[in-house]
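Below: one structure, written as structure tokens.
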Amino acid sequence: MMKEIFPILTDCTYVDTASSCILSTDLHVWRKRHERDFYENGSQFRVEQGSFIESVRETVRGFFNAEHAFLVPNFSLAFNAFLETFTADEHFLLLDDEYPSISHPIMARNFRISVVKVDENVEAHIYQAIKKYRPSIFAFSLVQYINGLTLSLDFVRQLKSDFPDLLLIADGTQYCGAGRMDFEGSGLDVLAGSGYKWLLAGYGNGYILFKDQVYNRITARFQNIKMSEEFEARGKNAIDAHFEPGHLDTLNFGSLQQSLLFLASFGMDKIEQQLKNLSIQAKCAFNELSILDDITAKRSTVSSIFNIKGDNKLFELLKNEKVICIPRGQGIRISFHFFNTKDDLDKILQIIKQNVHT
């Protein structure tokens with residue numbers, strides 16, 4: 001079934017979703033039809049683009065259970081735009097070796113920063129750092145891109161309960177699509193992400209979601225900005241103009257909509273459970289071979305991203321056997337999505353064992 005939905009799987013074992021998604025047959029067909037419409041009709045194919053884009057926003061809001069959603073080309077642009085709404089006296093808490101798209105724009109703006117040590121007890125370190133440094137904002141990836149370290153939403157909700165004034169901003173790029181996300185019940189204040197990984201939506205699309213308090217704060221900051229007559233005629237206010245400036249591409253955001261509808265039809269609870277089962281099996285097998293980093297090996301929570309110990313020789317063996325993965329950090333990153341199976345894991349394990357004995 002999965003090879004019919006994702007034909008690339010007939011030619012390879014794809015365990016690189018943490019780098020890039022693969023496209024489904026249905027999405028490929030939809031994109032070709034959409035481009036043909038543009039080819040045949042020129043500007044007329046965008047006559048209804050306003051209502052179309054609003055339907056995409058509605059799909060995003062429904063998928064994430066969010067009241068305020070903006071469409072963005074990717075996480076990085078959304079996060080940079082969001083940082084522009086703060087004054088210079090904010091104090092950010094960051095995880096050590098965080099995703100550069102989070103850490104770099106914060107450092108570039110010279111905000112005050114405190115950094116948390118990342119090991120198997122990272123949650124305790126975060127809690128202690130908040131009590132010690134009293135930051136105003138904690139910005140973090142829900143899943144770390146190199147080794148898959150995950151901060152659970154239960155922990156996020158605990159932080160929000162114990163530190164209600166702390167603004168919690170998360171990058172969901174490596175999380176959303178691999179598990180169910182109820183934004184309103186998550187404890188997060190802001191969630192942003194790109195669609196080209198676990199959401200299977202291709203490139204050039206993403207989202208940023210706000211809770212009421214954050215949305216109202218930004219709206220108040222922009223309240224004295226006079227909007228152009230053209231923007232007002234299109235029903236845009238200042239916050240719309242800030243996060244959705246210029247045109248919104250119907251191909252890319254339509255792809256996001258199609259993928260969210262596909263994932264929802266498959267069932268996010270089902271996807272989450274499948275990935276949980278496969279990830280537990282993978283962790284046990286990788287641990288038996290002693291090829292996981294100490295942090296992942298010692299933690300009870302597990303994501304579907306693993307960084308296994310291995311050199312270029314092992315990577316070349318995997319590549320030669322058409323296992324699509326990528327070197328990251330000190331090892332090789334393997335990332336499973338719901339289209340992966342126990343057979344994929346067994347193939348990888350066989351290649352790893354072959355590497356040990358050659």
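Going by the structure tokens order, chains are called A, B, ..., each with residues numbered from 1, while ligands are numbered from 1 in the order shown.
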
- Item | Residues near range 110-122 of chain A, cut-off 9 Å, only C-alpha atoms, skip fewer than 2 positions along chain, as an MDAnalysis selection string | chainID A and resid 87:97 105:108 124:127 129 133 135 149 151 294:300

- Message: as number ranges by chain, please: the residues near Phe140 in chain A (cut-off 9 Å, only C-alpha atoms, same-chain neighbours under 4 positions excluded).
- Response: A: 93-95, 98-99, 102-103, 144, 168-171

- Message: Going by DSSP on the backbone, which residues of range 68-196 of chain A come out as alpha helix (DSSP H)? List them as a ChimeraX atom specification.
- Response: /A:75-83,100-108,122-133,153-162

- Query: Mind checking DSSP for range 68-168 of chain A and telling me the strand (DSSP E or B) residues as number ranges by chain?
  - Reply: A: 68-72, 91-95, 112-116, 137-141, 143, 150, 167-168

- Task: Please provide as a VMD selection string all residues within 9 Å of Phe63 in chain A, with the sequence filter that same-chain residues fewer than 6 positions apart are discarded (counting only C-alpha atoms).
- Result: chain A and resid 180 to 182 260 to 261 264

Convert the current residue selection to file output with N, CA and C atoms, as a PDB file, in the first residue's frame.
ATOM      1  N   ARG A 180       0.311  13.730  17.023  1.00  0.00           N
ATOM      2  CA  ARG A 180      -0.823  14.633  17.121  1.00  0.00           C
ATOM      3  C   ARG A 180      -0.412  15.906  17.860  1.00  0.00           C
ATOM      4  N   MET A 181      -0.858  17.053  17.362  1.00  0.00           N
ATOM      5  CA  MET A 181      -0.570  18.329  18.001  1.00  0.00           C
ATOM      6  C   MET A 181      -1.873  19.076  18.251  1.00  0.00           C
ATOM      7  N   ASP A 182      -2.216  19.222  19.520  1.00  0.00           N
ATOM      8  CA  ASP A 182      -3.350  20.050  19.942  1.00  0.00           C
ATOM      9  C   ASP A 182      -2.760  21.334  20.498  1.00  0.00           C
ATOM     10  N   LEU A 260      -1.972  18.006   4.767  1.00  0.00           N
ATOM     11  CA  LEU A 260      -2.651  17.968   6.064  1.00  0.00           C
ATOM     12  C   LEU A 260      -3.939  17.160   5.975  1.00  0.00           C
ATOM     13  N   LEU A 261      -4.662  17.313   4.885  1.00  0.00           N
ATOM     14  CA  LEU A 261      -5.892  16.538   4.697  1.00  0.00           C
ATOM     15  C   LEU A 261      -5.580  15.049   4.579  1.00  0.00           C
ATOM     16  N   ALA A 264      -4.573  13.760   8.071  1.00  0.00           N
ATOM     17  CA  ALA A 264      -5.763  13.679   8.918  1.00  0.00           C
ATOM     18  C   ALA A 264      -6.624  12.485   8.531  1.00  0.00           C
TER      19      ALA A 264
END

- Message: Residues near Arg333 in chain A, anyone? I mean within 6 Å using only C-alpha atoms, not counting same-chain ones fewer than 6 positions away, as a PyMOL selection string.
- Response: chain A and resi 306-307+326-327

- For Leu71 in chain A, which of A:Leu349, A:Leu314, A:Leu142, A:Ile208 is the closest residue, counting only C-alpha atoms?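 Smallest separation from Leu71 in chain A among the options: A:Ile208.
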
- Item | Point-to-point distance from CA of Arg134 in chain A to CA of Lys160 in chain A, Å rounded to tenths |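 That distance, rounded to one decimal, is 13.5 Å.
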
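The two atoms in question, CA of Asp154 in chain A and CA of Leu188 in chain A, are spaced 10.8 Å apart.
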
- Excluding Asp11 in chain A and residues on its chain fewer than 5 positions from it, collect all residues at most 10 Å away from it, counting only C-alpha atoms, and give them as a count of residues only. 3

- Message: I'd like to know which of A:Gly267, A:Pro7, A:Gly310, A:Pro73 is closest to His247 in chain A, using only C-alpha atoms.
- Response: A:Pro73

- Item | Separation of CA of Asp212 in chain A from CA of Glu58 in chain A, in Å and rounded to one decimal |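 Going from CA of Asp212 in chain A over to CA of Glu58 in chain A covers 16.7 Å.
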
- Skipping near chain neighbours, those fewer than 2 positions away, what residues fall within 6 Å of range 16-26 of chain A using only C-alpha atoms, listed as a list in words?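 Contacts, in chain order: Ile5, Phe6, Tyr14, His28, Val29, Tyr196, Lys197, Leu200, Ile324, Cys325 and Ser335 of chain A.
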